[in-house]
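Visitor: Following this message is one structure expressed as structure tokens.
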Amino acid sequence: MKALLSTAPGGPETLQLQDLSDPVAGPGQLLVRVKACAINYPDVLIIEDKYQFKPPRPFAPGGEIAGIVEAVGEGVTGWAPGDRLIAMIGHGGLAEKVVVPAAMAVRLPEGRSFVEGSALILTYATTIHALLDRGKLKAGETLLVLGAAGGVGLAAVELGKAYGARVIAAVSSEEKAQAARAAGADSTLIYPRGPFERDQSKALAAQFKNAVGPNGADVIYDPVGGDYAEPALRSIAWEGRYLVIGFPAGIPKLPLNLTLLKSCDVRGVFWGAFAARDPKANAAHLQTLFRLWEEGKIAPRVTRTWPLAEGGEAIAHMAARKAVGKLVVTMDD
């Protein structure tokens with residue numbers, strides 16, 4: 001089989017397409033022929049050794065896959081060759097075949113493509129956990145979404161609307177604003193590119209405040225970080241909840257006096273750890289997501305695909321923060 005491997009720390013240009021022996025399904029595992037692998041920001045970090053998990057090299061990045069079961073390991077029940085699945089595997093997805101713990105596999109509904117399926121779990125499962133468990137979002141509240149045209153951003157827009165929130169989408173271009181509006185955002189704002197001087201930061205805070213209205217944002221969903229965080233926090237409502245999702249713009253430092261003045265909370269969101277610690281709650285969220293998908297209230301938006309040999313370009317596109325919706329690498333048969 002072919003795999004796109006990280007053999008040394010570095011950017012996407014360091015990835016190498018190599019031939020490897022096919023893996024074998026061990027006890028409790030499924031051998032999966034990968035059909036599609038979604039690209040997410042952790043793939044940018046993991047090949048640079050900047051992610052919280054550092055797999056031994058060589059390894060293939062790509063933690064979110066869809067594919068077909070080829071073989072079933074000892075002790076596995078409920079799965080058979082030919083079954084279609086999606087799974088979060090951490091890394092290893094940019095390969096033609098991979099072994100997946102059966103406990104981590106989720107059946108891909110009939111009528112859904114492998115490309116769509118590969119783009120579902122990470123963004124939507126992160127977001128439903130963020131909005132419901134950490135953000136305690138209620139119908140009628142105001143939700144401010146930063147980076148609202150990325151994968152998790154569009155998921156937050158859709159899920160916010162599904163749960164009855166007024167959604168304000170903050171993006172960096174008119175193209176991205178159009179994508180957020182198409183996903184259901186009630187209104188959008190276009191912010192400039194950071195980093196910001198003090199006066200620029202104040203101007204952005206005023207822009208956020210004007211967008212969310214005089215009562216502020218009850219929940220702020222921030223997958224961006226960097227110099228956008230403090231201006232956004234300044235627009236939060238009394239007893240609002242600020243959700244920390246990720247840091248493609250850098251890790252911010254927040255003035256804690258703002259949390260006192262607004263009696264608000266800053267809450268971290270680590271979906272992977274949540275799913276491992278409370279698999280039943282995570283499974284319930286996944287069932288909710290499949291129902292919302294079936295009802296047409298959410299739908300992964302894949303805007304571009306690449307073949308496996310060009311998977312590094314997909315990661316580079318993600319690193320440049322150019323992505324609208326989801327990016328997916330597809331495998332040749």
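Identifiers in this document derive from the order of the structure tokens: chains are assigned A, B, ..., residues are numbered from 1 separately in each chain, and ligands are numbered from 1 in order of occurrence.
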Show which residues sit within 6 Å of region 8-13 of chain A, as a list of chain:residue names. Count only C-alpha atoms, and ignore same-chain residues fewer than 2 positions away.
Guide: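 That gives A:Ser6, A:Leu15, A:Ile47, A:Glu48, A:Gly312, A:Ala316.
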Visitor: Can I get the selected residues back with all heavy atoms, as a PDB file, in the first residue's frame?
Guide:
ATOM      1  N   SER A   6       5.355  11.249   7.405  1.00  0.00           N
ATOM      2  CA  SER A   6       6.216  12.226   8.050  1.00  0.00           C
ATOM      3  C   SER A   6       7.421  11.472   8.588  1.00  0.00           C
ATOM      4  O   SER A   6       7.303  10.626   9.478  1.00  0.00           O
ATOM      5  CB  SER A   6       5.477  12.920   9.195  1.00  0.00           C
ATOM      6  OG  SER A   6       6.352  13.757   9.922  1.00  0.00           O
ATOM      7  N   LEU A  15       6.688  15.729   3.721  1.00  0.00           N
ATOM      8  CA  LEU A  15       5.976  14.460   3.632  1.00  0.00           C
ATOM      9  C   LEU A  15       6.433  13.678   2.406  1.00  0.00           C
ATOM     10  O   LEU A  15       6.682  14.245   1.338  1.00  0.00           O
ATOM     11  CB  LEU A  15       4.467  14.698   3.571  1.00  0.00           C
ATOM     12  CG  LEU A  15       3.861  15.384   4.794  1.00  0.00           C
ATOM     13  CD1 LEU A  15       2.381  15.656   4.568  1.00  0.00           C
ATOM     14  CD2 LEU A  15       4.057  14.549   6.054  1.00  0.00           C
ATOM     15  N   ILE A  47       2.753  17.134  12.302  1.00  0.00           N
ATOM     16  CA  ILE A  47       3.964  16.877  11.519  1.00  0.00           C
ATOM     17  C   ILE A  47       5.089  17.825  11.904  1.00  0.00           C
ATOM     18  O   ILE A  47       6.246  17.575  11.577  1.00  0.00           O
ATOM     19  CB  ILE A  47       3.685  16.938  10.003  1.00  0.00           C
ATOM     20  CG1 ILE A  47       3.238  18.327   9.563  1.00  0.00           C
ATOM     21  CG2 ILE A  47       2.678  15.873   9.601  1.00  0.00           C
ATOM     22  CD1 ILE A  47       3.084  18.479   8.058  1.00  0.00           C
ATOM     23  N   GLU A  48       4.755  18.908  12.622  1.00  0.00           N
ATOM     24  CA  GLU A  48       5.779  19.849  13.113  1.00  0.00           C
ATOM     25  C   GLU A  48       6.191  19.551  14.551  1.00  0.00           C
ATOM     26  O   GLU A  48       6.960  20.295  15.151  1.00  0.00           O
ATOM     27  CB  GLU A  48       5.238  21.279  13.033  1.00  0.00           C
ATOM     28  CG  GLU A  48       4.935  21.750  11.624  1.00  0.00           C
ATOM     29  CD  GLU A  48       4.334  23.144  11.592  1.00  0.00           C
ATOM     30  OE1 GLU A  48       3.912  23.640  12.671  1.00  0.00           O
ATOM     31  OE2 GLU A  48       4.284  23.740  10.504  1.00  0.00           O
ATOM     32  N   GLY A 312       0.005  16.603   0.879  1.00  0.00           N
ATOM     33  CA  GLY A 312       0.756  17.681   1.525  1.00  0.00           C
ATOM     34  C   GLY A 312       0.230  19.053   1.144  1.00  0.00           C
ATOM     35  O   GLY A 312       0.255  19.981   1.959  1.00  0.00           O
ATOM     36  N   ALA A 316      -0.943  22.092   3.528  1.00  0.00           N
ATOM     37  CA  ALA A 316      -0.427  23.450   3.337  1.00  0.00           C
ATOM     38  C   ALA A 316      -1.566  24.452   3.200  1.00  0.00           C
ATOM     39  O   ALA A 316      -1.486  25.575   3.723  1.00  0.00           O
ATOM     40  CB  ALA A 316       0.471  23.492   2.100  1.00  0.00           C
TER      41      ALA A 316
END
Visitor: Show which residues sit within 8 Å of Tyr163 (chain A), as a list in words. Count only C-alpha atoms, and ignore same-chain residues fewer than 6 positions away.
Guide: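 My list of contacting residues is Leu137, Lys138 and Ala139 of chain A.
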Visitor: Could you save the residues just selected, with all heavy atoms, as a PDB file, in the first residue's frame?
Guide:
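Result file result_12.pdb:
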ATOM      1  N   LEU A 137     -25.409  26.364  25.752  1.00  0.00           N
ATOM      2  CA  LEU A 137     -26.151  27.242  24.856  1.00  0.00           C
ATOM      3  C   LEU A 137     -27.647  26.983  24.952  1.00  0.00           C
ATOM      4  O   LEU A 137     -28.092  25.829  24.947  1.00  0.00           O
ATOM      5  CB  LEU A 137     -25.683  27.016  23.410  1.00  0.00           C
ATOM      6  CG  LEU A 137     -26.315  27.904  22.342  1.00  0.00           C
ATOM      7  CD1 LEU A 137     -25.866  29.350  22.511  1.00  0.00           C
ATOM      8  CD2 LEU A 137     -25.959  27.382  20.948  1.00  0.00           C
ATOM      9  N   LYS A 138     -28.412  28.067  25.018  1.00  0.00           N
ATOM     10  CA  LYS A 138     -29.872  27.965  25.116  1.00  0.00           C
ATOM     11  C   LYS A 138     -30.511  28.691  23.936  1.00  0.00           C
ATOM     12  O   LYS A 138     -29.944  29.635  23.380  1.00  0.00           O
ATOM     13  CB  LYS A 138     -30.371  28.584  26.423  1.00  0.00           C
ATOM     14  CG  LYS A 138     -29.758  27.995  27.687  1.00  0.00           C
ATOM     15  CD  LYS A 138     -30.266  28.730  28.907  1.00  0.00           C
ATOM     16  CE  LYS A 138     -29.543  28.283  30.175  1.00  0.00           C
ATOM     17  NZ  LYS A 138     -28.113  28.670  30.164  1.00  0.00           N
ATOM     18  N   ALA A 139     -31.710  28.246  23.582  1.00  0.00           N
ATOM     19  CA  ALA A 139     -32.460  28.910  22.525  1.00  0.00           C
ATOM     20  C   ALA A 139     -32.659  30.378  22.876  1.00  0.00           C
ATOM     21  O   ALA A 139     -32.933  30.730  24.031  1.00  0.00           O
ATOM     22  CB  ALA A 139     -33.806  28.227  22.322  1.00  0.00           C
TER      23      ALA A 139
END
Visitor: Running DSSP on the backbone, which parts of region 75-272 of chain A land in strand (DSSP E), as number ranges by chain?
Guide: A: 84-88, 97-101, 105-107, 142-145, 166-171, 187-190, 217-222, 236-244, 265-268
Visitor: Residues as selected, C-alpha atoms, written as a PDB file, in the first residue's frame, can you do that?
Guide:
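Listed below is the output, selection04.pdb:
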ATOM      1  CA  ARG A  84     -18.763   1.179   5.428  1.00  0.00           C
ATOM      2  CA  LEU A  85     -17.462   3.185   8.369  1.00  0.00           C
ATOM      3  CA  ILE A  86     -16.063   6.452   9.626  1.00  0.00           C
ATOM      4  CA  ALA A  87     -13.560   6.762  12.456  1.00  0.00           C
ATOM      5  CA  MET A  88     -11.329   9.142  14.380  1.00  0.00           C
ATOM      6  CA  LYS A  97      -5.111   1.027   4.396  1.00  0.00           C
ATOM      7  CA  VAL A  98      -5.153   1.391   8.172  1.00  0.00           C
ATOM      8  CA  VAL A  99      -6.123  -0.676  11.201  1.00  0.00           C
ATOM      9  CA  VAL A 100      -8.822   0.851  13.390  1.00  0.00           C
ATOM     10  CA  PRO A 101      -9.920  -0.244  16.869  1.00  0.00           C
ATOM     11  CA  ALA A 105     -15.605   2.804  14.323  1.00  0.00           C
ATOM     12  CA  VAL A 106     -18.992   4.303  13.483  1.00  0.00           C
ATOM     13  CA  ARG A 107     -21.193   2.984  10.682  1.00  0.00           C
ATOM     14  CA  THR A 142     -26.530  35.127  21.037  1.00  0.00           C
ATOM     15  CA  LEU A 143     -23.617  33.043  19.745  1.00  0.00           C
ATOM     16  CA  LEU A 144     -20.531  34.750  18.297  1.00  0.00           C
ATOM     17  CA  VAL A 145     -18.455  32.403  16.114  1.00  0.00           C
ATOM     18  CA  ARG A 166     -28.920  33.987  17.130  1.00  0.00           C
ATOM     19  CA  VAL A 167     -25.625  33.395  15.333  1.00  0.00           C
ATOM     20  CA  ILE A 168     -23.103  36.121  14.484  1.00  0.00           C
ATOM     21  CA  ALA A 169     -20.367  34.834  12.167  1.00  0.00           C
ATOM     22  CA  ALA A 170     -16.964  36.563  12.195  1.00  0.00           C
ATOM     23  CA  VAL A 171     -14.724  35.884   9.184  1.00  0.00           C
ATOM     24  CA  SER A 187     -25.382  38.209  10.371  1.00  0.00           C
ATOM     25  CA  THR A 188     -21.691  38.415   9.582  1.00  0.00           C
ATOM     26  CA  LEU A 189     -18.749  40.695  10.211  1.00  0.00           C
ATOM     27  CA  ILE A 190     -15.440  40.781   8.385  1.00  0.00           C
ATOM     28  CA  ALA A 217     -22.629  37.527  23.237  1.00  0.00           C
ATOM     29  CA  ASP A 218     -23.874  34.841  25.600  1.00  0.00           C
ATOM     30  CA  VAL A 219     -21.481  32.293  24.085  1.00  0.00           C
ATOM     31  CA  ILE A 220     -18.299  32.980  22.122  1.00  0.00           C
ATOM     32  CA  TYR A 221     -16.889  30.105  20.074  1.00  0.00           C
ATOM     33  CA  ASP A 222     -13.198  30.752  19.376  1.00  0.00           C
ATOM     34  CA  ILE A 236     -19.193  38.992  25.983  1.00  0.00           C
ATOM     35  CA  ALA A 237     -22.461  39.216  27.901  1.00  0.00           C
ATOM     36  CA  TRP A 238     -22.897  39.205  31.666  1.00  0.00           C
ATOM     37  CA  GLU A 239     -22.232  35.606  32.780  1.00  0.00           C
ATOM     38  CA  GLY A 240     -21.286  34.701  29.219  1.00  0.00           C
ATOM     39  CA  ARG A 241     -19.229  31.620  28.304  1.00  0.00           C
ATOM     40  CA  TYR A 242     -16.064  31.963  26.223  1.00  0.00           C
ATOM     41  CA  LEU A 243     -15.150  28.648  24.557  1.00  0.00           C
ATOM     42  CA  VAL A 244     -11.490  27.995  23.796  1.00  0.00           C
ATOM     43  CA  ASP A 265     -16.338  32.103  32.249  1.00  0.00           C
ATOM     44  CA  VAL A 266     -13.478  31.051  29.979  1.00  0.00           C
ATOM     45  CA  ARG A 267     -13.960  27.348  29.275  1.00  0.00           C
ATOM     46  CA  GLY A 268     -11.598  24.987  27.504  1.00  0.00           C
TER      47      GLY A 268
END
Visitor: Where does region 151-215 of chain A meet region 108-123 of chain A within 8 Å, residue by residue, with the nearest atom pair and distance in Å to one decimal for each, counting only C-alpha atoms, listed by chain and rising number, as a Markdown table?
Guide:
| residue | atom | partner | partner_atom | distance |
| --- | --- | --- | --- | --- |
| A:Gly151 | CA | A:Thr123 | CA | 6.0 |
| A:Val152 | CA | A:Thr123 | CA | 4.6 |
| A:Ala155 | CA | A:Thr123 | CA | 6.3 |
Visitor: Could those residues be written to a file, using all heavy atoms, as a PDB file, in the first residue's frame?
Guide:
ATOM      1  N   GLY A 151     -13.950  24.584   9.070  1.00  0.00           N
ATOM      2  CA  GLY A 151     -14.728  23.382   9.347  1.00  0.00           C
ATOM      3  C   GLY A 151     -15.501  23.462  10.648  1.00  0.00           C
ATOM      4  O   GLY A 151     -16.724  23.291  10.681  1.00  0.00           O
ATOM      5  N   VAL A 152     -14.803  23.764  11.762  1.00  0.00           N
ATOM      6  CA  VAL A 152     -15.504  23.854  13.043  1.00  0.00           C
ATOM      7  C   VAL A 152     -16.377  25.102  13.095  1.00  0.00           C
ATOM      8  O   VAL A 152     -17.422  25.124  13.745  1.00  0.00           O
ATOM      9  CB  VAL A 152     -14.528  23.823  14.243  1.00  0.00           C
ATOM     10  CG1 VAL A 152     -13.915  22.449  14.413  1.00  0.00           C
ATOM     11  CG2 VAL A 152     -13.463  24.889  14.131  1.00  0.00           C
ATOM     12  N   ALA A 155     -19.615  24.361  11.399  1.00  0.00           N
ATOM     13  CA  ALA A 155     -20.347  23.452  12.285  1.00  0.00           C
ATOM     14  C   ALA A 155     -21.001  24.224  13.423  1.00  0.00           C
ATOM     15  O   ALA A 155     -22.145  23.948  13.806  1.00  0.00           O
ATOM     16  CB  ALA A 155     -19.409  22.380  12.837  1.00  0.00           C
TER      17      ALA A 155
END
Visitor: Got a sec: who's within 6 Å of Leu4 (chain A), counting only C-alpha atoms, leaving out chain neighbours fewer than 3 positions off, as a list in words?
Guide: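 Within the cut-off, the hits are Gln16, Leu17, Ala60 and Leu94 of chain A.
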Visitor: Can you tell me which residues surround Val76 (chain A) at a distance of at most 8 Å, considering only C-alpha atoms, apart from same-chain residues fewer than 5 positions away, and format the answer as a PyMOL selection string?
Guide: chain A and resi 27-30+102
Visitor: So what do you get for CA of Lys2 (chain A) versus CA of Val24 (chain A), distance-wise?
Guide: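 So the two atoms, CA of Lys2 (chain A) and CA of Val24 (chain A), lie 14.9 Å apart.
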Visitor: I need the residue nearest Thr330 (chain A) from this list: A:Ala183, A:Leu254, A:Ala314, A:Leu308. Use only C-alpha atoms for the distance.
Guide: A:Leu308
Visitor: When DSSP works through the backbone of this structure, what residues of region 25-214 of chain A end up as alpha helix (DSSP H), shown as a PyMOL selection string?
Guide: chain A and resi 41-46+114-118+121-128+151-162+174-182+198-212
